[in-house]
$ cat query.pdb   # PDB, C-alpha atoms and all ligand atoms
MODEL        1
ATOM      1  CA  MET A   1       3.588  13.831 -22.592  1.00  0.00           C
ATOM      2  CA  ALA A   2       2.384  16.660 -20.354  1.00  0.00           C
ATOM      3  CA  LYS A   3       2.780  16.048 -16.638  1.00  0.00           C
ATOM      4  CA  VAL A   4      -0.961  16.029 -16.049  1.00  0.00           C
ATOM      5  CA  GLU A   5      -1.458  13.246 -18.621  1.00  0.00           C
ATOM      6  CA  PHE A   6       1.433  11.339 -17.154  1.00  0.00           C
ATOM      7  CA  VAL A   7      -0.068  11.472 -13.647  1.00  0.00           C
ATOM      8  CA  SER A   8      -3.520  10.523 -14.857  1.00  0.00           C
ATOM      9  CA  TRP A   9      -2.052   7.530 -16.694  1.00  0.00           C
ATOM     10  CA  TYR A  10      -0.312   6.425 -13.488  1.00  0.00           C
ATOM     11  CA  LYS A  11      -3.520   6.848 -11.509  1.00  0.00           C
ATOM     12  CA  LYS A  12      -5.330   4.526 -13.911  1.00  0.00           C
ATOM     13  CA  GLN A  13      -2.521   1.983 -13.719  1.00  0.00           C
ATOM     14  CA  ILE A  14      -2.498   1.945  -9.955  1.00  0.00           C
ATOM     15  CA  LYS A  15      -6.278   1.462  -9.684  1.00  0.00           C
ATOM     16  CA  LYS A  16      -5.993  -1.453 -12.066  1.00  0.00           C
ATOM     17  CA  GLN A  17      -3.116  -2.917 -10.083  1.00  0.00           C
ATOM     18  CA  LEU A  18      -4.931  -2.475  -6.755  1.00  0.00           C
ATOM     19  CA  LYS A  19      -8.084  -4.140  -8.072  1.00  0.00           C
ATOM     20  CA  GLU A  20      -5.981  -7.070  -9.149  1.00  0.00           C
ATOM     21  CA  ARG A  21      -3.862  -7.360  -5.963  1.00  0.00           C
ATOM     22  CA  ILE A  22      -6.443  -6.707  -3.212  1.00  0.00           C
ATOM     23  CA  PRO A  23      -8.327 -10.015  -3.770  1.00  0.00           C
ATOM     24  CA  ARG A  24      -5.067 -11.879  -3.118  1.00  0.00           C
ATOM     25  CA  TYR A  25      -4.937 -10.565   0.429  1.00  0.00           C
ATOM     26  CA  ASP A  26      -8.285  -9.372   1.772  1.00  0.00           C
ATOM     27  CA  LYS A  27      -9.582 -12.739   2.949  1.00  0.00           C
ATOM     28  CA  ARG A  28      -6.215 -13.789   4.345  1.00  0.00           C
ATOM     29  CA  ILE A  29      -5.996 -10.615   6.383  1.00  0.00           C
ATOM     30  CA  GLY A  30      -9.720 -10.533   7.081  1.00  0.00           C
ATOM     31  CA  VAL A  31     -10.550  -7.025   5.898  1.00  0.00           C
ATOM     32  CA  THR A  32     -12.753  -5.497   3.223  1.00  0.00           C
ATOM     33  CA  VAL A  33     -11.480  -2.661   1.072  1.00  0.00           C
ATOM     34  CA  LYS A  34     -14.499  -0.518   0.276  1.00  0.00           C
ATOM     35  CA  ASP A  35     -12.837   2.211  -1.715  1.00  0.00           C
ATOM     36  CA  ILE A  36      -9.512   3.156  -3.243  1.00  0.00           C
ATOM     37  CA  ARG A  37      -8.343   6.759  -3.313  1.00  0.00           C
ATOM     38  CA  ILE A  38      -5.362   7.843  -5.334  1.00  0.00           C
ATOM     39  CA  SER A  39      -3.707  11.038  -4.325  1.00  0.00           C
ATOM     40  CA  GLU A  40      -0.489  12.947  -4.035  1.00  0.00           C
ATOM     41  CA  LEU A  41       0.682  12.204  -0.544  1.00  0.00           C
ATOM     42  CA  GLY A  42       3.963  14.042  -0.865  1.00  0.00           C
ATOM     43  CA  HIS A  43       6.800  11.703   0.020  1.00  0.00           C
ATOM     44  CA  ARG A  44       4.506   9.031   1.475  1.00  0.00           C
ATOM     45  CA  TRP A  45       3.655   5.888  -0.445  1.00  0.00           C
ATOM     46  CA  ALA A  46       0.279   5.349   1.130  1.00  0.00           C
ATOM     47  CA  SER A  47      -1.698   6.223   4.208  1.00  0.00           C
ATOM     48  CA  CYS A  48      -4.074   4.503   6.558  1.00  0.00           C
ATOM     49  CA  GLY A  49      -7.595   4.983   5.427  1.00  0.00           C
ATOM     50  CA  ARG A  50     -10.566   4.868   7.732  1.00  0.00           C
ATOM     51  CA  ASN A  51     -13.710   2.828   7.122  1.00  0.00           C
ATOM     52  CA  GLY A  52     -12.160   0.512   4.569  1.00  0.00           C
ATOM     53  CA  VAL A  53     -10.641   3.205   2.368  1.00  0.00           C
ATOM     54  CA  VAL A  54      -7.100   2.715   1.127  1.00  0.00           C
ATOM     55  CA  ASN A  55      -5.196   5.862   0.143  1.00  0.00           C
ATOM     56  CA  PHE A  56      -2.397   5.334  -2.311  1.00  0.00           C
ATOM     57  CA  ASN A  57       0.126   7.718  -3.731  1.00  0.00           C
ATOM     58  CA  TRP A  58       0.098   7.395  -7.526  1.00  0.00           C
ATOM     59  CA  ARG A  59       3.905   7.135  -7.352  1.00  0.00           C
ATOM     60  CA  SER A  60       3.717   3.773  -5.568  1.00  0.00           C
ATOM     61  CA  VAL A  61       2.927   2.090  -8.884  1.00  0.00           C
ATOM     62  CA  MET A  62       6.548   2.848  -9.795  1.00  0.00           C
ATOM     63  CA  ALA A  63       7.785   0.595  -6.983  1.00  0.00           C
ATOM     64  CA  PRO A  64       8.526  -3.038  -7.903  1.00  0.00           C
ATOM     65  CA  VAL A  65       5.403  -5.175  -7.597  1.00  0.00           C
ATOM     66  CA  TRP A  66       6.701  -7.119  -4.579  1.00  0.00           C
ATOM     67  CA  VAL A  67       7.169  -3.778  -2.787  1.00  0.00           C
ATOM     68  CA  PHE A  68       3.794  -2.557  -4.010  1.00  0.00           C
ATOM     69  CA  ASP A  69       2.219  -5.637  -2.438  1.00  0.00           C
ATOM     70  CA  TYR A  70       3.948  -4.934   0.842  1.00  0.00           C
ATOM     71  CA  ILE A  71       2.619  -1.344   0.830  1.00  0.00           C
ATOM     72  CA  LEU A  72      -0.861  -2.706   0.181  1.00  0.00           C
ATOM     73  CA  VAL A  73      -0.651  -5.384   2.885  1.00  0.00           C
ATOM     74  CA  HIS A  74       0.722  -2.812   5.335  1.00  0.00           C
ATOM     75  CA  GLU A  75      -2.307  -0.577   4.750  1.00  0.00           C
ATOM     76  CA  MET A  76      -4.760  -3.462   4.914  1.00  0.00           C
ATOM     77  CA  VAL A  77      -3.341  -4.674   8.234  1.00  0.00           C
ATOM     78  CA  HIS A  78      -3.798  -1.128   9.573  1.00  0.00           C
ATOM     79  CA  MET A  79      -7.527  -1.647   9.122  1.00  0.00           C
ATOM     80  CA  ILE A  80      -7.294  -4.118  12.010  1.00  0.00           C
ATOM     81  CA  GLU A  81      -4.411  -2.660  13.997  1.00  0.00           C
ATOM     82  CA  ARG A  82      -3.790   1.084  13.807  1.00  0.00           C
ATOM     83  CA  GLY A  83      -0.367   1.250  15.382  1.00  0.00           C
ATOM     84  CA  HIS A  84       2.954  -0.406  14.550  1.00  0.00           C
ATOM     85  CA  THR A  85       2.635  -2.792  17.464  1.00  0.00           C
ATOM     86  CA  ASP A  86       3.991  -6.338  17.816  1.00  0.00           C
ATOM     87  CA  ARG A  87       0.558  -7.570  16.810  1.00  0.00           C
ATOM     88  CA  PHE A  88       0.699  -5.393  13.680  1.00  0.00           C
ATOM     89  CA  TRP A  89       4.047  -6.853  12.512  1.00  0.00           C
ATOM     90  CA  HIS A  90       2.897 -10.338  13.404  1.00  0.00           C
ATOM     91  CA  LEU A  91      -0.130  -9.921  11.112  1.00  0.00           C
ATOM     92  CA  VAL A  92       2.063  -8.532   8.315  1.00  0.00           C
ATOM     93  CA  ALA A  93       4.506 -11.464   8.700  1.00  0.00           C
ATOM     94  CA  ARG A  94       1.673 -13.962   8.364  1.00  0.00           C
ATOM     95  CA  VAL A  95       1.047 -12.673   4.834  1.00  0.00           C
ATOM     96  CA  ILE A  96       4.601 -11.580   3.890  1.00  0.00           C
ATOM     97  CA  PRO A  97       7.087 -13.607   5.957  1.00  0.00           C
ATOM     98  CA  ASP A  98      10.088 -11.709   4.551  1.00  0.00           C
ATOM     99  CA  TYR A  99       8.533  -8.258   4.969  1.00  0.00           C
ATOM    100  CA  GLU A 100      11.792  -6.912   6.408  1.00  0.00           C
ATOM    101  CA  GLU A 101      13.320  -7.106   2.922  1.00  0.00           C
ATOM    102  CA  HIS A 102      10.471  -4.973   1.642  1.00  0.00           C
ATOM    103  CA  VAL A 103      10.887  -2.451   4.453  1.00  0.00           C
ATOM    104  CA  ARG A 104      14.603  -2.262   3.630  1.00  0.00           C
ATOM    105  CA  TRP A 105      13.869  -1.490  -0.023  1.00  0.00           C
ATOM    106  CA  LEU A 106      11.553   1.336   0.996  1.00  0.00           C
ATOM    107  CA  ASN A 107      14.096   2.727   3.440  1.00  0.00           C
ATOM    108  CA  GLU A 108      16.842   2.613   0.870  1.00  0.00           C
ATOM    109  CA  ASN A 109      14.678   4.282  -1.713  1.00  0.00           C
ATOM    110  CA  GLY A 110      14.021   7.221   0.462  1.00  0.00           C
ATOM    111  CA  ALA A 111      10.296   7.396   0.861  1.00  0.00           C
ATOM    112  CA  ASP A 112       8.233   6.907   3.973  1.00  0.00           C
ATOM    113  CA  LEU A 113       5.246   4.762   4.403  1.00  0.00           C
ATOM    114  CA  ASP A 114       2.442   6.144   6.501  1.00  0.00           C
ATOM    115  CA  LEU A 115       2.671   6.492  10.260  1.00  0.00           C
TER
HETATM  116 ZN    ZN A 201       1.893   1.937   9.003  1.00  0.00          ZN
ENDMDL
END

$ encode --input "query.pdb" --output "structure tokens"
Amino acid sequence: MAKVEFVSWYKKQIKKQLKERIPRYDKRIGVTVKDIRISELGHRWASCGRNGVVNFNWRSVMAPVWVFDYILVHEMVHMIERGHTDRFWHLVARVIPDYEEHVRWLNENGADLDL
């Protein structure tokens, strides 16, 4: 498969996965995702979108689903709290109590989440 087909297949997969996973968390966190953008964010998994837009790197679909969910929750919590403050981690922990495990996986696998 040519690289361009490969990437476009991944982009479709990730949109499908996001549409399925977002409804599990949006009400619990109290945010509304208005749009999903899939891009190449270099070494980042995802980035904070403004105005309800979630930006995802197509590569994040290759992460295990429990890590994928953490990336998603992380971005959704940023819609309420921009910085990595105590309040931010408290909100993440309410949805994913063992989020530190997820952070460890990401650290060990060498990619950064947004800042
Ligand atoms: Zn962040």

$ closest_atom_pairs --input "query.pdb" --of "chain A" --to "ligand ZN 201 (chain A)" --cutoff "10 Å" --atoms "all atoms listed in the file" --output "Markdown table"
| residue | atom | partner | partner_atom | distance |
| --- | --- | --- | --- | --- |
| A:Ala46 | CA | A:ZN201 | ZN | 8.7 |
| A:Ser47 | CA | A:ZN201 | ZN | 7.4 |
| A:Cys48 | CA | A:ZN201 | ZN | 6.9 |
| A:Ile71 | CA | A:ZN201 | ZN | 8.8 |
| A:Val73 | CA | A:ZN201 | ZN | 9.9 |
| A:His74 | CA | A:ZN201 | ZN | 6.1 |
| A:Glu75 | CA | A:ZN201 | ZN | 6.5 |
| A:Met76 | CA | A:ZN201 | ZN | 9.5 |
| A:Val77 | CA | A:ZN201 | ZN | 8.5 |
| A:His78 | CA | A:ZN201 | ZN | 6.5 |
| A:Glu81 | CA | A:ZN201 | ZN | 9.3 |
| A:Arg82 | CA | A:ZN201 | ZN | 7.5 |
| A:Gly83 | CA | A:ZN201 | ZN | 6.8 |
| A:His84 | CA | A:ZN201 | ZN | 6.1 |
| A:Thr85 | CA | A:ZN201 | ZN | 9.7 |
| A:Phe88 | CA | A:ZN201 | ZN | 8.8 |
| A:Trp89 | CA | A:ZN201 | ZN | 9.7 |
| A:Asp112 | CA | A:ZN201 | ZN | 9.5 |
| A:Leu113 | CA | A:ZN201 | ZN | 6.4 |
| A:Asp114 | CA | A:ZN201 | ZN | 4.9 |
| A:Leu115 | CA | A:ZN201 | ZN | 4.8 |

$ closest_atom_pairs --input "query.pdb" --of "segment 16-54 of chain A" --to "segment 93-111 of chain A" --cutoff "9 Å" --atoms "only C-alpha atoms" --output "JSON lines"
{"residue": "A:Tyr25", "atom": "CA", "partner": "A:Val95", "partner_atom": "CA", "distance": 7.7}
{"residue": "A:Arg28", "atom": "CA", "partner": "A:Val95", "partner_atom": "CA", "distance": 7.4}
{"residue": "A:Ile29", "atom": "CA", "partner": "A:Val95", "partner_atom": "CA", "distance": 7.5}
{"residue": "A:His43", "atom": "CA", "partner": "A:Ala111", "partner_atom": "CA", "distance": 5.6}
{"residue": "A:Arg44", "atom": "CA", "partner": "A:Ala111", "partner_atom": "CA", "distance": 6.0}
{"residue": "A:Trp45", "atom": "CA", "partner": "A:Ala111", "partner_atom": "CA", "distance": 6.9}

$ residues_around --input "query.pdb" --residues "Gly52 of chain A" --least-positions-apart "6" --cutoff "7 Å" --atoms "all atoms listed in the file" --output "list in words"
Thr32, Val33, Lys34, Asp35 and Met79 of chain A

$ resolve_selection --input "query.pdb" --expression "the PyMOL selection byres (((chain A and resi 36-38) around 9) and not hetatm)" --output "NGL selection string"
:A and (11 or 14-15 or 18-19 or 33-35 or 39-41 or 46 or 49 or 52-58)

$ atom_distance --input "query.pdb" --atom1 "atom CA of Arg21 of chain A" --atom2 "atom CA of Asp69 of chain A"
7.2 Å

$ atom_distance --input "query.pdb" --atom1 "atom CA of Val65 of chain A" --atom2 "atom CA of Ile80 of chain A"
23.4 Å

$ atom_distance --input "query.pdb" --atom1 "atom CA of Tyr10 of chain A" --atom2 "atom CA of Pro23 of chain A"
20.7 Å

$ build_atoms --input "query.pdb" --residues "segment 75-88 of chain A" --atoms "N, CA and C atoms" --output "mmCIF file, keeping the file's coordinate frame"
data_model
loop_
_atom_site.group_PDB
_atom_site.id
_atom_site.type_symbol
_atom_site.label_atom_id
_atom_site.label_comp_id
_atom_site.auth_asym_id
_atom_site.auth_seq_id
_atom_site.Cartn_x
_atom_site.Cartn_y
_atom_site.Cartn_z
ATOM 1 N N GLU A 75 -1.099 -1.398 4.569
ATOM 2 C CA GLU A 75 -2.307 -0.577 4.750
ATOM 3 C C GLU A 75 -3.510 -1.413 5.157
ATOM 4 N N MET A 76 -3.612 -2.612 4.577
ATOM 5 C CA MET A 76 -4.760 -3.462 4.914
ATOM 6 C C MET A 76 -4.683 -3.931 6.364
ATOM 7 N N VAL A 77 -3.492 -4.249 6.844
ATOM 8 C CA VAL A 77 -3.341 -4.674 8.234
ATOM 9 C C VAL A 77 -3.696 -3.511 9.180
ATOM 10 N N HIS A 78 -3.420 -2.290 8.750
ATOM 11 C CA HIS A 78 -3.798 -1.128 9.573
ATOM 12 C C HIS A 78 -5.310 -1.023 9.777
ATOM 13 N N MET A 79 -6.071 -1.663 8.924
ATOM 14 C CA MET A 79 -7.527 -1.647 9.122
ATOM 15 C C MET A 79 -7.911 -2.433 10.376
ATOM 16 N N ILE A 80 -7.041 -3.337 10.796
ATOM 17 C CA ILE A 80 -7.294 -4.118 12.010
ATOM 18 C C ILE A 80 -6.540 -3.524 13.187
ATOM 19 N N GLU A 81 -5.294 -3.127 12.925
ATOM 20 C CA GLU A 81 -4.411 -2.660 13.997
ATOM 21 C C GLU A 81 -3.817 -1.320 13.564
ATOM 22 N N ARG A 82 -4.196 -0.260 14.250
ATOM 23 C CA ARG A 82 -3.790 1.084 13.807
ATOM 24 C C ARG A 82 -2.290 1.352 13.980
ATOM 25 N N GLY A 83 -1.757 0.912 15.094
ATOM 26 C CA GLY A 83 -0.367 1.250 15.382
ATOM 27 C C GLY A 83 0.620 0.209 14.889
ATOM 28 N N HIS A 84 1.910 0.552 14.920
ATOM 29 C CA HIS A 84 2.954 -0.406 14.550
ATOM 30 C C HIS A 84 3.352 -1.210 15.781
ATOM 31 N N THR A 85 2.431 -1.985 16.262
ATOM 32 C CA THR A 85 2.635 -2.792 17.464
ATOM 33 C C THR A 85 3.194 -4.165 17.081
ATOM 34 N N ASP A 86 3.543 -4.959 18.077
ATOM 35 C CA ASP A 86 3.991 -6.338 17.816
ATOM 36 C C ASP A 86 2.916 -7.116 17.068
ATOM 37 N N ARG A 87 1.668 -6.889 17.475
ATOM 38 C CA ARG A 87 0.558 -7.570 16.810
ATOM 39 C C ARG A 87 0.490 -7.182 15.335
ATOM 40 N N PHE A 88 0.717 -5.881 15.060
ATOM 41 C CA PHE A 88 0.699 -5.393 13.680
ATOM 42 C C PHE A 88 1.726 -6.153 12.832
#
